[in-house]
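Student: Sharing a structure here in structure tokens format.
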Amino acid sequence: MTKILFVCHGNICRSPMAEFIFKALAEAKGLAGEYYAESAAVSAEEVGNPIYPPAKRCLTQHGVSFDQGKRARQVTAADYDRFDRIICMDASNLRLIGRFMPDDPEGKIHLMMSYAGRSRDVADPWYTGDFETTFQDILAGCEGMLGKA
């Protein structure tokens, strides 16, 4: 089983969206038993908080189910050993994850959009309010990731 950890700044928007979009895609492709996915934050700001309501609305509008009990958590150094892939939503997350995982000897840490063949960050809806663009970015990354399974 491949274990994936999606990471963003606060774990209330992009990374939980990625967690649940990925799970939905894997299930739709009959691959749910081959993957385990979670999400976490590089920051402690939102720890314990639920998924941001506009992110929940966007997932619901696309028919993506999610765990209502999901609460933000912060990345730990132990996550490096627990997960096979650690997928950051943007370059800032990639830089900040170094506080927890200063080395990546196994090449586990990647940017989400690299799986979509793009060298840019996943759009951050916290600043734009545009959850649809974020959803489409994450969807493209998740589809690419499953295509490289």
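Naming scheme: A, B, ... for chains in displayed order of the structure tokens; residues 1 onward per chain; ligands 1 onward as shown.
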Based on the backbone DSSP call, show me all residues of chain A assigned alpha helix (DSSP H), as JSON, numbers by chain.

Tutor: {"A": [14, 15, 16, 17, 18, 19, 20, 21, 22, 23, 24, 25, 26, 27, 28, 53, 54, 55, 56, 57, 58, 59, 60, 61, 79, 80, 81, 82, 91, 92, 93, 94, 95, 96, 125, 126, 127, 128, 131, 132, 133, 134, 135, 136, 137, 138, 139, 140, 141, 142, 143, 144, 145, 146, 147]}

Student: What's around A:Leu111 at 9 Å? Count only C-alpha atoms, leave out sequence neighbours fewer than 2 positions away in its own chain, and write the answer as an MDAnalysis selection string.

Tutor: chainID A and resid 86:91 93:94 109 113:115 119:122

Student: I'd like to know which of A:Asp137, A:Glu132, A:Asp84, A:Asp124 is closest to A:Met112, using only C-alpha atoms.

Tutor: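 Ranking A:Asp137, A:Glu132, A:Asp84, A:Asp124 by distance to A:Met112, first place goes to A:Asp137.
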
Student: For the atom pair atom CA of A:Arg85 and atom CA of A:Ile4, what is the interatomic distance in Å to one decimal place?

Tutor: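 Atom CA of A:Ile4 lies at a distance of 4.8 Å from atom CA of A:Arg85.
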
Student: Skip stretch 12-26 of chain A itself and residues of its chain fewer than 4 positions away, then list as a ChimeraX atom specification all residues within 9 Å of it, counting only C-alpha atoms.

Tutor: /A:4-8,30-41,46-47,49-56,58-59,64-67,70-72,87-89,122-126,131,134-135,138-139,141-143,145-146

Student: Save the residues we just selected, C-alpha atoms, as a PDB file, in the first residue's frame?

Tutor:
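Saved the output as selection14.pdb:
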```pdb
ATOM      1  CA  ILE A   4       0.636   9.654   0.804  1.00  0.00           C
ATOM      2  CA  LEU A   5       0.707  12.788   2.941  1.00  0.00           C
ATOM      3  CA  PHE A   6      -0.603  16.016   1.385  1.00  0.00           C
ATOM      4  CA  VAL A   7       0.803  19.181   2.938  1.00  0.00           C
ATOM      5  CA  CYS A   8      -0.204  22.851   2.874  1.00  0.00           C
ATOM      6  CA  GLY A  30     -10.894   0.732  -8.146  1.00  0.00           C
ATOM      7  CA  LEU A  31      -7.562   1.522  -6.476  1.00  0.00           C
ATOM      8  CA  ALA A  32      -8.731   2.520  -2.992  1.00  0.00           C
ATOM      9  CA  GLY A  33      -7.090  -0.531  -1.378  1.00  0.00           C
ATOM     10  CA  GLU A  34      -3.743   0.385  -2.885  1.00  0.00           C
ATOM     11  CA  TYR A  35      -3.484   3.799  -1.236  1.00  0.00           C
ATOM     12  CA  TYR A  36      -3.694   5.454   2.133  1.00  0.00           C
ATOM     13  CA  ALA A  37      -3.865   9.265   2.281  1.00  0.00           C
ATOM     14  CA  GLU A  38      -3.755  11.903   5.006  1.00  0.00           C
ATOM     15  CA  SER A  39      -3.051  15.615   5.123  1.00  0.00           C
ATOM     16  CA  ALA A  40      -1.128  17.939   7.437  1.00  0.00           C
ATOM     17  CA  ALA A  41       0.209  21.475   7.853  1.00  0.00           C
ATOM     18  CA  GLU A  46      -4.893  25.967  12.535  1.00  0.00           C
ATOM     19  CA  VAL A  47      -4.152  22.771  14.502  1.00  0.00           C
ATOM     20  CA  ASN A  49      -9.600  23.297  13.377  1.00  0.00           C
ATOM     21  CA  PRO A  50     -11.968  21.668  10.866  1.00  0.00           C
ATOM     22  CA  ILE A  51     -11.795  21.995   7.089  1.00  0.00           C
ATOM     23  CA  TYR A  52     -12.535  25.589   6.072  1.00  0.00           C
ATOM     24  CA  PRO A  53     -16.268  25.891   5.160  1.00  0.00           C
ATOM     25  CA  PRO A  54     -15.697  27.179   1.570  1.00  0.00           C
ATOM     26  CA  ALA A  55     -13.397  24.188   0.944  1.00  0.00           C
ATOM     27  CA  LYS A  56     -16.147  21.870   2.215  1.00  0.00           C
ATOM     28  CA  CYS A  58     -16.378  23.147  -3.089  1.00  0.00           C
ATOM     29  CA  LEU A  59     -15.837  19.454  -2.374  1.00  0.00           C
ATOM     30  CA  VAL A  64     -16.422  14.560  -3.229  1.00  0.00           C
ATOM     31  CA  SER A  65     -17.177  13.180   0.202  1.00  0.00           C
ATOM     32  CA  PHE A  66     -14.981  14.057   3.154  1.00  0.00           C
ATOM     33  CA  ASP A  67     -14.622  13.227   6.818  1.00  0.00           C
ATOM     34  CA  LYS A  70     -11.167  15.924   9.956  1.00  0.00           C
ATOM     35  CA  ARG A  71      -9.081  18.308  12.061  1.00  0.00           C
ATOM     36  CA  ALA A  72      -5.894  20.114  11.088  1.00  0.00           C
ATOM     37  CA  ILE A  87       3.181  16.164  -1.520  1.00  0.00           C
ATOM     38  CA  CYS A  88       3.467  19.909  -0.884  1.00  0.00           C
ATOM     39  CA  MET A  89       1.001  22.360  -2.370  1.00  0.00           C
ATOM     40  CA  VAL A 122      -1.443  24.971  -6.421  1.00  0.00           C
ATOM     41  CA  ALA A 123      -3.599  28.110  -6.361  1.00  0.00           C
ATOM     42  CA  ASP A 124      -4.129  29.246  -2.766  1.00  0.00           C
ATOM     43  CA  PRO A 125      -7.822  30.006  -2.136  1.00  0.00           C
ATOM     44  CA  TRP A 126      -7.083  31.527   1.267  1.00  0.00           C
ATOM     45  CA  PHE A 131     -11.778  27.399  -4.514  1.00  0.00           C
ATOM     46  CA  THR A 134      -7.724  25.211  -6.428  1.00  0.00           C
ATOM     47  CA  PHE A 135      -9.988  22.208  -6.951  1.00  0.00           C
ATOM     48  CA  ILE A 138      -5.521  19.507  -7.174  1.00  0.00           C
ATOM     49  CA  LEU A 139      -7.619  17.314  -9.438  1.00  0.00           C
ATOM     50  CA  GLY A 141      -2.211  16.711  -9.732  1.00  0.00           C
ATOM     51  CA  CYS A 142      -4.104  13.758  -8.252  1.00  0.00           C
ATOM     52  CA  GLU A 143      -4.988  12.381 -11.674  1.00  0.00           C
ATOM     53  CA  MET A 145      -0.260  10.934  -9.477  1.00  0.00           C
ATOM     54  CA  LEU A 146      -2.650   8.038 -10.033  1.00  0.00           C
TER      55      LEU A 146
END
```

Student: Write down as JSON, numbers by chain the residues of stretch 27-83 of chain A whose backbone DSSP state falls under strand (DSSP E).

Tutor: {"A": [35, 36, 37, 38, 39, 40, 41]}

Student: What is the atom CA of A:Pro102 to atom CA of A:His9 distance in Å?

Tutor: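 Rounded to one decimal, the two atoms are 17.2 Å apart.
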